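Novice: For reference, this is entry37.cif, and it has mmCIF, N, CA and C atoms.
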```
data_final
#
loop_
_atom_site.label_atom_id
_atom_site.label_comp_id
_atom_site.auth_asym_id
_atom_site.auth_seq_id
_atom_site.Cartn_x
_atom_site.Cartn_y
_atom_site.Cartn_z
N MET A 102 19.47 48.60 7.82
CA MET A 102 20.90 48.88 7.87
C MET A 102 21.71 47.59 7.82
N ILE A 103 21.18 46.53 8.40
CA ILE A 103 21.90 45.25 8.41
C ILE A 103 22.04 44.73 6.99
N GLN A 104 21.00 44.90 6.19
CA GLN A 104 21.07 44.45 4.80
C GLN A 104 22.13 45.24 4.04
N GLY A 105 22.23 46.53 4.30
CA GLY A 105 23.24 47.35 3.66
C GLY A 105 24.65 46.96 4.06
N LEU A 106 24.86 46.72 5.36
CA LEU A 106 26.17 46.27 5.82
C LEU A 106 26.53 44.91 5.24
N ALA A 107 25.54 44.03 5.14
CA ALA A 107 25.79 42.72 4.54
C ALA A 107 26.18 42.86 3.08
N THR A 108 25.55 43.79 2.37
CA THR A 108 25.90 44.02 0.96
C THR A 108 27.31 44.55 0.85
N LEU A 109 27.68 45.50 1.71
CA LEU A 109 29.05 46.04 1.68
C LEU A 109 30.07 44.94 1.98
N LEU A 110 29.79 44.11 2.99
CA LEU A 110 30.71 43.03 3.32
C LEU A 110 30.78 41.97 2.23
N LEU A 111 29.65 41.73 1.56
CA LEU A 111 29.64 40.78 0.45
C LEU A 111 30.56 41.25 -0.67
N PHE A 112 30.46 42.53 -1.02
CA PHE A 112 31.30 43.04 -2.10
C PHE A 112 32.76 43.12 -1.67
N GLN A 113 33.02 43.40 -0.39
CA GLN A 113 34.40 43.39 0.08
C GLN A 113 34.97 41.98 -0.01
N SER A 114 34.19 40.99 0.39
CA SER A 114 34.64 39.60 0.30
C SER A 114 34.85 39.17 -1.14
N LEU A 115 33.96 39.61 -2.02
CA LEU A 115 34.12 39.32 -3.44
C LEU A 115 35.42 39.92 -3.97
N GLY A 116 35.70 41.16 -3.58
CA GLY A 116 36.95 41.80 -3.99
C GLY A 116 38.17 41.08 -3.46
N GLU A 117 38.10 40.64 -2.20
CA GLU A 117 39.21 39.89 -1.62
C GLU A 117 39.44 38.58 -2.38
N ALA A 118 38.35 37.91 -2.73
CA ALA A 118 38.48 36.65 -3.47
C ALA A 118 39.11 36.89 -4.84
N ILE A 119 38.66 37.94 -5.51
CA ILE A 119 39.23 38.26 -6.84
C ILE A 119 40.71 38.60 -6.72
N ALA A 120 41.06 39.38 -5.70
CA ALA A 120 42.46 39.75 -5.50
C ALA A 120 43.33 38.54 -5.21
N GLN A 121 42.81 37.62 -4.41
CA GLN A 121 43.58 36.41 -4.07
C GLN A 121 43.73 35.50 -5.29
N LEU A 122 42.65 35.35 -6.06
CA LEU A 122 42.69 34.44 -7.21
C LEU A 122 43.55 34.98 -8.35
N THR A 123 43.52 36.28 -8.56
CA THR A 123 44.26 36.86 -9.68
C THR A 123 45.66 37.30 -9.30
N GLY A 124 45.91 37.50 -8.01
CA GLY A 124 47.22 37.99 -7.59
C GLY A 124 47.44 39.44 -8.00
N ALA A 125 46.37 40.18 -8.20
CA ALA A 125 46.46 41.57 -8.62
C ALA A 125 47.08 42.42 -7.52
N PRO A 126 47.81 43.47 -7.90
CA PRO A 126 48.44 44.32 -6.88
C PRO A 126 47.47 45.32 -6.24
N VAL A 127 46.18 45.21 -6.55
CA VAL A 127 45.16 46.11 -6.01
C VAL A 127 44.53 45.44 -4.79
N PRO A 128 44.34 46.20 -3.70
CA PRO A 128 43.72 45.58 -2.51
C PRO A 128 42.32 45.07 -2.79
N GLY A 129 41.95 44.01 -2.11
CA GLY A 129 40.64 43.39 -2.29
C GLY A 129 39.47 44.33 -2.04
N PRO A 130 39.49 45.13 -0.96
CA PRO A 130 38.37 46.04 -0.75
C PRO A 130 38.18 47.06 -1.88
N VAL A 131 39.27 47.46 -2.50
CA VAL A 131 39.16 48.39 -3.62
C VAL A 131 38.49 47.68 -4.80
N MET A 132 38.88 46.45 -5.05
CA MET A 132 38.24 45.69 -6.13
C MET A 132 36.76 45.47 -5.83
N GLY A 133 36.42 45.24 -4.56
CA GLY A 133 35.03 45.09 -4.17
C GLY A 133 34.23 46.37 -4.40
N LEU A 134 34.82 47.51 -4.08
CA LEU A 134 34.13 48.78 -4.32
C LEU A 134 33.93 49.03 -5.81
N VAL A 135 34.90 48.65 -6.62
CA VAL A 135 34.75 48.80 -8.07
C VAL A 135 33.62 47.89 -8.57
N ALA A 136 33.54 46.68 -8.03
CA ALA A 136 32.45 45.77 -8.40
C ALA A 136 31.10 46.33 -7.97
N LEU A 137 31.05 46.90 -6.77
CA LEU A 137 29.80 47.51 -6.29
C LEU A 137 29.42 48.69 -7.17
N LEU A 138 30.38 49.51 -7.54
CA LEU A 138 30.10 50.63 -8.44
C LEU A 138 29.57 50.14 -9.78
N ALA A 139 30.16 49.07 -10.31
CA ALA A 139 29.69 48.53 -11.58
C ALA A 139 28.25 48.05 -11.47
N VAL A 140 27.93 47.37 -10.39
CA VAL A 140 26.55 46.89 -10.20
C VAL A 140 25.60 48.07 -10.07
N LEU A 141 25.99 49.08 -9.31
CA LEU A 141 25.12 50.26 -9.15
C LEU A 141 24.90 50.97 -10.48
N LEU A 142 25.95 51.08 -11.28
CA LEU A 142 25.81 51.74 -12.57
C LEU A 142 24.96 50.92 -13.54
N LEU A 143 25.08 49.61 -13.47
CA LEU A 143 24.30 48.76 -14.37
C LEU A 143 22.82 48.73 -13.98
N ARG A 144 22.54 48.74 -12.71
CA ARG A 144 21.15 48.63 -12.26
C ARG A 144 20.39 49.94 -12.41
N GLN A 145 21.01 51.03 -11.99
CA GLN A 145 20.41 52.36 -12.10
C GLN A 145 18.99 52.42 -11.53
N ARG A 146 18.70 51.60 -10.56
CA ARG A 146 17.38 51.63 -9.92
C ARG A 146 17.57 52.12 -8.49
N ARG A 147 17.25 53.35 -8.28
CA ARG A 147 17.51 53.92 -6.96
C ARG A 147 16.38 53.65 -5.99
N GLY A 148 15.23 53.25 -6.45
CA GLY A 148 14.10 53.02 -5.56
C GLY A 148 14.08 51.64 -4.93
N LYS A 149 15.02 50.79 -5.29
CA LYS A 149 15.06 49.44 -4.74
C LYS A 149 15.44 49.50 -3.27
N PRO A 150 14.80 48.68 -2.42
CA PRO A 150 15.09 48.72 -0.99
C PRO A 150 16.52 48.33 -0.64
N VAL A 151 17.14 47.47 -1.44
CA VAL A 151 18.53 47.08 -1.16
C VAL A 151 19.43 48.30 -1.23
N TRP A 152 19.22 49.16 -2.20
CA TRP A 152 20.10 50.33 -2.35
C TRP A 152 19.79 51.38 -1.29
N ALA A 153 18.53 51.42 -0.84
CA ALA A 153 18.20 52.32 0.27
C ALA A 153 18.90 51.83 1.53
N ALA A 154 18.93 50.53 1.74
CA ALA A 154 19.63 49.97 2.90
C ALA A 154 21.14 50.22 2.79
N LEU A 155 21.66 50.16 1.58
CA LEU A 155 23.08 50.43 1.35
C LEU A 155 23.40 51.88 1.70
N ALA A 156 22.55 52.79 1.30
CA ALA A 156 22.76 54.21 1.63
C ALA A 156 22.67 54.43 3.13
N GLN A 157 21.75 53.76 3.79
CA GLN A 157 21.61 53.90 5.24
C GLN A 157 22.85 53.36 5.96
N ALA A 158 23.37 52.24 5.50
CA ALA A 158 24.58 51.68 6.10
C ALA A 158 25.78 52.60 5.87
N ALA A 159 25.89 53.14 4.68
CA ALA A 159 27.00 54.06 4.38
C ALA A 159 26.91 55.31 5.24
N ASP A 160 25.71 55.85 5.41
CA ASP A 160 25.54 57.03 6.27
C ASP A 160 25.91 56.71 7.72
N GLY A 161 25.54 55.53 8.18
CA GLY A 161 25.89 55.12 9.54
C GLY A 161 27.39 55.00 9.73
N LEU A 162 28.08 54.44 8.73
CA LEU A 162 29.54 54.33 8.82
C LEU A 162 30.20 55.70 8.76
N LEU A 163 29.70 56.57 7.90
CA LEU A 163 30.28 57.91 7.79
C LEU A 163 30.08 58.73 9.06
N ALA A 164 29.00 58.48 9.77
CA ALA A 164 28.76 59.21 11.01
C ALA A 164 29.80 58.88 12.08
N HIS A 165 30.41 57.71 11.97
CA HIS A 165 31.41 57.29 12.95
C HIS A 165 32.77 57.08 12.28
N LEU A 166 33.08 57.91 11.32
CA LEU A 166 34.31 57.76 10.54
C LEU A 166 35.57 57.91 11.39
N SER A 167 35.50 58.70 12.45
CA SER A 167 36.70 58.92 13.27
C SER A 167 37.20 57.63 13.91
N ILE A 168 36.32 56.66 14.13
CA ILE A 168 36.74 55.39 14.72
C ILE A 168 37.75 54.67 13.81
N PHE A 169 37.63 54.87 12.50
CA PHE A 169 38.50 54.17 11.57
C PHE A 169 39.94 54.71 11.58
N PHE A 170 40.18 55.82 12.29
CA PHE A 170 41.53 56.37 12.38
C PHE A 170 42.32 55.75 13.53
N ILE A 171 41.67 54.99 14.39
CA ILE A 171 42.36 54.37 15.52
C ILE A 171 43.47 53.42 15.05
N PRO A 172 43.25 52.53 14.07
CA PRO A 172 44.35 51.67 13.62
C PRO A 172 45.53 52.45 13.08
N ALA A 173 45.28 53.58 12.41
CA ALA A 173 46.38 54.39 11.91
C ALA A 173 47.19 54.99 13.06
N ALA A 174 46.51 55.43 14.10
CA ALA A 174 47.21 55.99 15.26
C ALA A 174 48.04 54.92 15.96
N VAL A 175 47.51 53.72 16.06
CA VAL A 175 48.26 52.61 16.66
C VAL A 175 49.49 52.29 15.81
N GLY A 176 49.34 52.34 14.49
CA GLY A 176 50.47 52.09 13.60
C GLY A 176 51.57 53.13 13.77
N VAL A 177 51.18 54.38 13.97
CA VAL A 177 52.17 55.43 14.18
C VAL A 177 52.95 55.17 15.47
N MET A 178 52.24 54.76 16.53
CA MET A 178 52.93 54.48 17.79
C MET A 178 53.83 53.25 17.67
N LEU A 179 53.38 52.26 16.92
CA LEU A 179 54.14 51.02 16.80
C LEU A 179 55.41 51.22 15.97
N TYR A 180 55.33 52.03 14.93
CA TYR A 180 56.47 52.24 14.03
C TYR A 180 57.04 53.64 14.18
N TRP A 181 57.18 54.09 15.41
CA TRP A 181 57.64 55.45 15.66
C TRP A 181 59.08 55.66 15.18
N GLU A 182 59.99 54.72 15.40
CA GLU A 182 61.39 54.89 15.02
C GLU A 182 61.57 55.08 13.52
N PRO A 183 61.00 54.21 12.66
CA PRO A 183 61.15 54.45 11.22
C PRO A 183 60.51 55.77 10.77
N LEU A 184 59.39 56.13 11.41
CA LEU A 184 58.75 57.39 11.04
C LEU A 184 59.61 58.58 11.43
N ALA A 185 60.25 58.50 12.59
CA ALA A 185 61.12 59.60 13.01
C ALA A 185 62.34 59.71 12.09
N ARG A 186 62.84 58.55 11.66
CA ARG A 186 64.02 58.53 10.78
C ARG A 186 63.68 59.06 9.39
N GLU A 187 62.51 58.72 8.87
CA GLU A 187 62.14 59.09 7.51
C GLU A 187 60.98 60.08 7.48
N GLY A 188 60.81 60.81 8.56
CA GLY A 188 59.66 61.70 8.71
C GLY A 188 59.57 62.78 7.64
N LEU A 189 60.69 63.39 7.29
CA LEU A 189 60.66 64.46 6.29
C LEU A 189 60.17 63.94 4.94
N ALA A 190 60.63 62.77 4.55
CA ALA A 190 60.18 62.19 3.27
C ALA A 190 58.68 61.91 3.31
N TRP A 191 58.18 61.43 4.46
CA TRP A 191 56.75 61.16 4.59
C TRP A 191 55.95 62.46 4.49
N ILE A 192 56.42 63.50 5.15
CA ILE A 192 55.70 64.78 5.13
C ILE A 192 55.67 65.35 3.72
N VAL A 193 56.80 65.31 3.02
CA VAL A 193 56.83 65.80 1.65
C VAL A 193 55.90 64.99 0.76
N ALA A 194 55.91 63.67 0.92
CA ALA A 194 55.04 62.82 0.11
C ALA A 194 53.57 63.10 0.40
N LEU A 195 53.22 63.27 1.68
CA LEU A 195 51.83 63.58 2.03
C LEU A 195 51.39 64.92 1.48
N LEU A 196 52.23 65.93 1.60
CA LEU A 196 51.87 67.25 1.09
C LEU A 196 51.74 67.23 -0.44
N ALA A 197 52.69 66.58 -1.11
CA ALA A 197 52.64 66.53 -2.57
C ALA A 197 51.42 65.77 -3.06
N SER A 198 51.10 64.66 -2.41
CA SER A 198 49.93 63.88 -2.86
C SER A 198 48.63 64.62 -2.56
N THR A 199 48.58 65.37 -1.45
CA THR A 199 47.39 66.14 -1.14
C THR A 199 47.19 67.25 -2.16
N VAL A 200 48.25 67.97 -2.47
CA VAL A 200 48.15 69.03 -3.48
C VAL A 200 47.76 68.45 -4.83
N ALA A 201 48.35 67.32 -5.19
CA ALA A 201 48.01 66.70 -6.48
C ALA A 201 46.54 66.26 -6.51
N ALA A 202 46.05 65.68 -5.42
CA ALA A 202 44.65 65.24 -5.36
C ALA A 202 43.70 66.43 -5.47
N ILE A 203 44.01 67.51 -4.78
CA ILE A 203 43.16 68.71 -4.85
C ILE A 203 43.19 69.29 -6.26
N ALA A 204 44.37 69.34 -6.87
CA ALA A 204 44.48 69.90 -8.22
C ALA A 204 43.71 69.06 -9.24
N VAL A 205 43.84 67.74 -9.17
CA VAL A 205 43.14 66.87 -10.11
C VAL A 205 41.62 66.97 -9.90
N THR A 206 41.19 67.02 -8.64
CA THR A 206 39.77 67.16 -8.36
C THR A 206 39.23 68.48 -8.89
N ALA A 207 39.97 69.57 -8.66
CA ALA A 207 39.54 70.88 -9.15
C ALA A 207 39.48 70.90 -10.67
N TRP A 208 40.48 70.32 -11.32
CA TRP A 208 40.49 70.28 -12.79
C TRP A 208 39.29 69.49 -13.31
N PHE A 209 39.05 68.31 -12.69
CA PHE A 209 37.95 67.48 -13.13
C PHE A 209 36.61 68.19 -12.94
N LEU A 210 36.40 68.77 -11.78
CA LEU A 210 35.13 69.46 -11.51
C LEU A 210 34.95 70.66 -12.43
N ARG A 211 36.01 71.37 -12.69
CA ARG A 211 35.91 72.53 -13.59
C ARG A 211 35.48 72.09 -14.98
N HIS A 212 36.09 71.02 -15.48
CA HIS A 212 35.71 70.53 -16.81
C HIS A 212 34.33 69.89 -16.80
N ARG A 213 34.03 69.14 -15.73
CA ARG A 213 32.72 68.47 -15.66
C ARG A 213 31.59 69.47 -15.48
N LEU A 214 31.74 70.39 -14.57
CA LEU A 214 30.70 71.39 -14.35
C LEU A 214 30.62 72.37 -15.50
N GLY A 215 31.73 72.58 -16.18
CA GLY A 215 31.72 73.45 -17.34
C GLY A 215 30.87 72.86 -18.46
N ASP A 216 30.84 71.51 -18.56
CA ASP A 216 30.03 70.86 -19.58
C ASP A 216 28.56 70.94 -19.26
N GLU A 217 28.20 70.81 -17.98
CA GLU A 217 26.79 70.77 -17.60
C GLU A 217 26.24 72.11 -17.16
N GLY A 218 27.07 72.91 -16.53
CA GLY A 218 26.58 74.13 -15.91
C GLY A 218 26.54 75.34 -16.82
N GLY A 219 27.01 75.22 -18.01
CA GLY A 219 27.03 76.38 -18.89
C GLY A 219 28.14 77.32 -18.49
N GLU A 220 27.91 78.61 -18.73
CA GLU A 220 28.93 79.60 -18.41
C GLU A 220 28.99 79.84 -16.92
N SER A 221 30.18 80.12 -16.44
CA SER A 221 30.33 80.44 -15.03
C SER A 221 29.89 81.88 -14.80
N PRO A 222 29.43 82.20 -13.58
CA PRO A 222 28.97 83.56 -13.33
C PRO A 222 30.12 84.55 -13.44
N PRO A 223 29.84 85.77 -13.85
CA PRO A 223 30.91 86.77 -13.98
C PRO A 223 31.45 87.15 -12.61
N ASP A 224 32.73 87.58 -12.61
CA ASP A 224 33.35 88.03 -11.37
C ASP A 224 32.84 89.40 -11.02
N GLY A 225 32.83 89.70 -9.76
CA GLY A 225 32.42 91.04 -9.32
C GLY A 225 30.97 91.04 -8.86
N PRO A 226 30.48 92.22 -8.44
CA PRO A 226 29.11 92.30 -7.92
C PRO A 226 28.09 92.12 -9.01
N ARG A 227 26.95 91.58 -8.61
CA ARG A 227 25.85 91.38 -9.56
C ARG A 227 25.02 92.66 -9.65
N PRO A 228 24.46 92.94 -10.82
CA PRO A 228 23.61 94.13 -10.94
C PRO A 228 22.32 93.92 -10.14
N PRO A 229 21.74 95.01 -9.60
CA PRO A 229 20.51 94.87 -8.78
C PRO A 229 19.31 94.48 -9.59
#
```
Would you encode the structure as structure tokens?
Specialist:
Amino acid sequence: MIQGLATLLLFQSLGEAIAQLTGAPVPGPVMGLVALLAVLLLRQRRGKPVWAALAQAADGLLAHLSIFFIPAAVGVMLYWEPLAREGLAWIVALLASTVAAIAVTAWFLRHRLGDEGGESPPDGPRPP
């Protein structure tokens, strides 16, 4: 797991360096994840121990995902006045972005699974 965490931190640091050097408006960790995705797609070797360690580290982080919400809760408490003043706009933006994300995901999966899965099952009860 330590090797996997080191790999994740290495790619995050790489992304931060790229973001700082280029001045890109994309956060460094996002650039690091894109770099990690590129490496994973280029290698396509799933049996390598480094990638097994990466999967183990990712599973460990996902098991404790709720801890990552603590900074957001602290931010809400710290900036309570602006949030109270502009709360309706934030709620509308959150709802609209959530609906848009669900719609785009559903559209993508429908088209992607439609290409690989063949015809969808008919509606209604199946014959015995």
Novice: Using only N, CA and C atoms, find the one residue out of A:Ala207, A:Ala197, A:Trp191, A:Gly116 that sits nearest to Val135 (chain A).
Specialist: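 Going through A:Ala207, A:Ala197, A:Trp191, A:Gly116 one by one, the smallest distance to Val135 (chain A) is for A:Gly116.
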Novice: May I have all residues of chain A that DSSP, computed from the backbone, assigns to helix (DSSP H, G or I), given as a VMD selection string?
Specialist: chain A and resid 103 to 123 129 to 144 150 to 164 166 to 179 181 to 186 188 to 218
Novice: Quick one: residues within 12 Å of Val127 (chain A), only C-alpha atoms, excluding same-chain residues fewer than 6 positions away - as a list in words?
Specialist: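 Near neighbours after the sequence-gap exclusion: Gly116, Glu117, Ala118, Ile119, Ala120, Gln121, Gly133, Leu134 and Val135 of chain A.
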Novice: Using CA of Glu187 (chain A) and CA of Ile203 (chain A) as the two end points, give the distance in Å to one decimal.
Specialist: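 One can read the CA of Glu187 (chain A) to CA of Ile203 (chain A) distance as 24.6 Å.
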Novice: Do you have the CA of Ile103 (chain A)-CA of Ala154 (chain A) distance handy?
Specialist: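 Going from CA of Ile103 (chain A) over to CA of Ala154 (chain A), I get 7.6 Å.
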Novice: One decimal, in Å: what's the spacing between CA of Met102 (chain A) and atom N of Leu163 (chain A)?
Specialist: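 These two atoms are separated by 11.7 Å.
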Novice: Around all the atoms of region 129-145 of chain A listed in the file, draw an axis-aligned box and extend it by 6 Å on each of the six sides; I want its centre and edge lengths in Å to one decimal, as lines of an AutoDock Vina configuration file.
Specialist:
```
center_x = 30.5
center_y = 47.9
center_z = -7.6
size_x = 35.0
size_y = 21.0
size_z = 25.6
```
Novice: Which neighbours of region 104-106 of chain A fall inside 7 Å, counting all atoms listed in the file, when residues of the same chain fewer than 5 positions from it are skipped, and could you give them as an mmCIF file with N, CA and C atoms, in the frame of the given file?
Specialist:
```cif
data_model
loop_
_atom_site.group_PDB
_atom_site.id
_atom_site.type_symbol
_atom_site.label_atom_id
_atom_site.label_comp_id
_atom_site.auth_asym_id
_atom_site.auth_seq_id
_atom_site.Cartn_x
_atom_site.Cartn_y
_atom_site.Cartn_z
ATOM 1 N N LEU A 111 29.650 41.730 1.560
ATOM 2 C CA LEU A 111 29.640 40.780 0.450
ATOM 3 C C LEU A 111 30.560 41.250 -0.670
ATOM 4 N N VAL A 151 17.140 47.470 -1.440
ATOM 5 C CA VAL A 151 18.530 47.080 -1.160
ATOM 6 C C VAL A 151 19.430 48.300 -1.230
ATOM 7 N N ALA A 153 18.530 51.420 -0.840
ATOM 8 C CA ALA A 153 18.200 52.320 0.270
ATOM 9 C C ALA A 153 18.900 51.830 1.530
ATOM 10 N N ALA A 154 18.930 50.530 1.740
ATOM 11 C CA ALA A 154 19.630 49.970 2.900
ATOM 12 C C ALA A 154 21.140 50.220 2.790
ATOM 13 N N LEU A 155 21.660 50.160 1.580
ATOM 14 C CA LEU A 155 23.080 50.430 1.350
ATOM 15 C C LEU A 155 23.400 51.880 1.700
ATOM 16 N N ALA A 156 22.550 52.790 1.300
ATOM 17 C CA ALA A 156 22.760 54.210 1.630
ATOM 18 C C ALA A 156 22.670 54.430 3.130
ATOM 19 N N GLN A 157 21.750 53.760 3.790
ATOM 20 C CA GLN A 157 21.610 53.900 5.240
ATOM 21 C C GLN A 157 22.850 53.360 5.960
ATOM 22 N N ALA A 158 23.370 52.240 5.500
ATOM 23 C CA ALA A 158 24.580 51.680 6.100
ATOM 24 C C ALA A 158 25.780 52.600 5.870
ATOM 25 N N ALA A 159 25.890 53.140 4.680
ATOM 26 C CA ALA A 159 27.000 54.060 4.380
ATOM 27 C C ALA A 159 26.910 55.310 5.240
#
```
Novice: Complete the atoms of region 162-183 of chain A to N, CA, C and O atoms and put them out as a PDB file, in the coordinates of the input.
Specialist:
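Output contents, as saved in rebuild-v6.pdb:
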```pdb
ATOM      1  N   LEU A 162      28.080  54.440   8.730  1.00  0.00           N
ATOM      2  CA  LEU A 162      29.540  54.330   8.820  1.00  0.00           C
ATOM      3  C   LEU A 162      30.200  55.700   8.760  1.00  0.00           C
ATOM      4  O   LEU A 162      31.166  55.967   9.484  1.00  0.00           O
ATOM      5  N   LEU A 163      29.700  56.570   7.900  1.00  0.00           N
ATOM      6  CA  LEU A 163      30.280  57.910   7.790  1.00  0.00           C
ATOM      7  C   LEU A 163      30.080  58.730   9.060  1.00  0.00           C
ATOM      8  O   LEU A 163      30.911  59.568   9.392  1.00  0.00           O
ATOM      9  N   ALA A 164      29.000  58.480   9.770  1.00  0.00           N
ATOM     10  CA  ALA A 164      28.760  59.210  11.010  1.00  0.00           C
ATOM     11  C   ALA A 164      29.800  58.880  12.080  1.00  0.00           C
ATOM     12  O   ALA A 164      30.059  59.692  12.962  1.00  0.00           O
ATOM     13  N   HIS A 165      30.410  57.710  11.970  1.00  0.00           N
ATOM     14  CA  HIS A 165      31.410  57.290  12.950  1.00  0.00           C
ATOM     15  C   HIS A 165      32.770  57.080  12.280  1.00  0.00           C
ATOM     16  O   HIS A 165      33.536  56.200  12.676  1.00  0.00           O
ATOM     17  N   LEU A 166      33.080  57.910  11.320  1.00  0.00           N
ATOM     18  CA  LEU A 166      34.310  57.760  10.540  1.00  0.00           C
ATOM     19  C   LEU A 166      35.570  57.910  11.390  1.00  0.00           C
ATOM     20  O   LEU A 166      36.581  57.285  11.111  1.00  0.00           O
ATOM     21  N   SER A 167      35.500  58.700  12.450  1.00  0.00           N
ATOM     22  CA  SER A 167      36.700  58.920  13.270  1.00  0.00           C
ATOM     23  C   SER A 167      37.200  57.630  13.910  1.00  0.00           C
ATOM     24  O   SER A 167      38.394  57.508  14.206  1.00  0.00           O
ATOM     25  N   ILE A 168      36.320  56.660  14.130  1.00  0.00           N
ATOM     26  CA  ILE A 168      36.740  55.390  14.720  1.00  0.00           C
ATOM     27  C   ILE A 168      37.750  54.670  13.810  1.00  0.00           C
ATOM     28  O   ILE A 168      38.644  53.982  14.293  1.00  0.00           O
ATOM     29  N   PHE A 169      37.630  54.870  12.500  1.00  0.00           N
ATOM     30  CA  PHE A 169      38.500  54.170  11.570  1.00  0.00           C
ATOM     31  C   PHE A 169      39.940  54.710  11.580  1.00  0.00           C
ATOM     32  O   PHE A 169      40.823  54.139  10.959  1.00  0.00           O
ATOM     33  N   PHE A 170      40.180  55.820  12.290  1.00  0.00           N
ATOM     34  CA  PHE A 170      41.530  56.370  12.380  1.00  0.00           C
ATOM     35  C   PHE A 170      42.320  55.750  13.530  1.00  0.00           C
ATOM     36  O   PHE A 170      43.519  55.965  13.651  1.00  0.00           O
ATOM     37  N   ILE A 171      41.670  54.990  14.390  1.00  0.00           N
ATOM     38  CA  ILE A 171      42.360  54.370  15.520  1.00  0.00           C
ATOM     39  C   ILE A 171      43.470  53.420  15.050  1.00  0.00           C
ATOM     40  O   ILE A 171      44.585  53.484  15.572  1.00  0.00           O
ATOM     41  N   PRO A 172      43.250  52.530  14.070  1.00  0.00           N
ATOM     42  CA  PRO A 172      44.350  51.670  13.620  1.00  0.00           C
ATOM     43  C   PRO A 172      45.530  52.450  13.080  1.00  0.00           C
ATOM     44  O   PRO A 172      46.685  52.070  13.286  1.00  0.00           O
ATOM     45  N   ALA A 173      45.280  53.580  12.410  1.00  0.00           N
ATOM     46  CA  ALA A 173      46.380  54.390  11.910  1.00  0.00           C
ATOM     47  C   ALA A 173      47.190  54.990  13.060  1.00  0.00           C
ATOM     48  O   ALA A 173      48.426  55.030  13.016  1.00  0.00           O
ATOM     49  N   ALA A 174      46.510  55.430  14.100  1.00  0.00           N
ATOM     50  CA  ALA A 174      47.210  55.990  15.260  1.00  0.00           C
ATOM     51  C   ALA A 174      48.040  54.920  15.960  1.00  0.00           C
ATOM     52  O   ALA A 174      49.169  55.183  16.401  1.00  0.00           O
ATOM     53  N   VAL A 175      47.510  53.720  16.060  1.00  0.00           N
ATOM     54  CA  VAL A 175      48.260  52.610  16.660  1.00  0.00           C
ATOM     55  C   VAL A 175      49.490  52.290  15.810  1.00  0.00           C
ATOM     56  O   VAL A 175      50.577  52.045  16.340  1.00  0.00           O
ATOM     57  N   GLY A 176      49.340  52.340  14.490  1.00  0.00           N
ATOM     58  CA  GLY A 176      50.470  52.090  13.600  1.00  0.00           C
ATOM     59  C   GLY A 176      51.570  53.130  13.770  1.00  0.00           C
ATOM     60  O   GLY A 176      52.760  52.810  13.743  1.00  0.00           O
ATOM     61  N   VAL A 177      51.180  54.380  13.970  1.00  0.00           N
ATOM     62  CA  VAL A 177      52.170  55.430  14.180  1.00  0.00           C
ATOM     63  C   VAL A 177      52.950  55.170  15.470  1.00  0.00           C
ATOM     64  O   VAL A 177      54.168  55.316  15.533  1.00  0.00           O
ATOM     65  N   MET A 178      52.240  54.760  16.530  1.00  0.00           N
ATOM     66  CA  MET A 178      52.930  54.480  17.790  1.00  0.00           C
ATOM     67  C   MET A 178      53.830  53.250  17.670  1.00  0.00           C
ATOM     68  O   MET A 178      54.916  53.214  18.242  1.00  0.00           O
ATOM     69  N   LEU A 179      53.380  52.260  16.920  1.00  0.00           N
ATOM     70  CA  LEU A 179      54.140  51.020  16.800  1.00  0.00           C
ATOM     71  C   LEU A 179      55.410  51.220  15.970  1.00  0.00           C
ATOM     72  O   LEU A 179      56.463  50.666  16.286  1.00  0.00           O
ATOM     73  N   TYR A 180      55.330  52.030  14.930  1.00  0.00           N
ATOM     74  CA  TYR A 180      56.470  52.240  14.030  1.00  0.00           C
ATOM     75  C   TYR A 180      57.040  53.640  14.180  1.00  0.00           C
ATOM     76  O   TYR A 180      57.389  54.287  13.197  1.00  0.00           O
ATOM     77  N   TRP A 181      57.180  54.090  15.410  1.00  0.00           N
ATOM     78  CA  TRP A 181      57.640  55.450  15.660  1.00  0.00           C
ATOM     79  C   TRP A 181      59.080  55.660  15.180  1.00  0.00           C
ATOM     80  O   TRP A 181      59.392  56.691  14.592  1.00  0.00           O
ATOM     81  N   GLU A 182      59.990  54.720  15.400  1.00  0.00           N
ATOM     82  CA  GLU A 182      61.390  54.890  15.020  1.00  0.00           C
ATOM     83  C   GLU A 182      61.570  55.080  13.520  1.00  0.00           C
ATOM     84  O   GLU A 182      62.236  56.018  13.094  1.00  0.00           O
ATOM     85  N   PRO A 183      61.000  54.210  12.660  1.00  0.00           N
ATOM     86  CA  PRO A 183      61.150  54.450  11.220  1.00  0.00           C
ATOM     87  C   PRO A 183      60.510  55.770  10.770  1.00  0.00           C
ATOM     88  O   PRO A 183      61.034  56.445   9.889  1.00  0.00           O
TER      89      PRO A 183
END
```
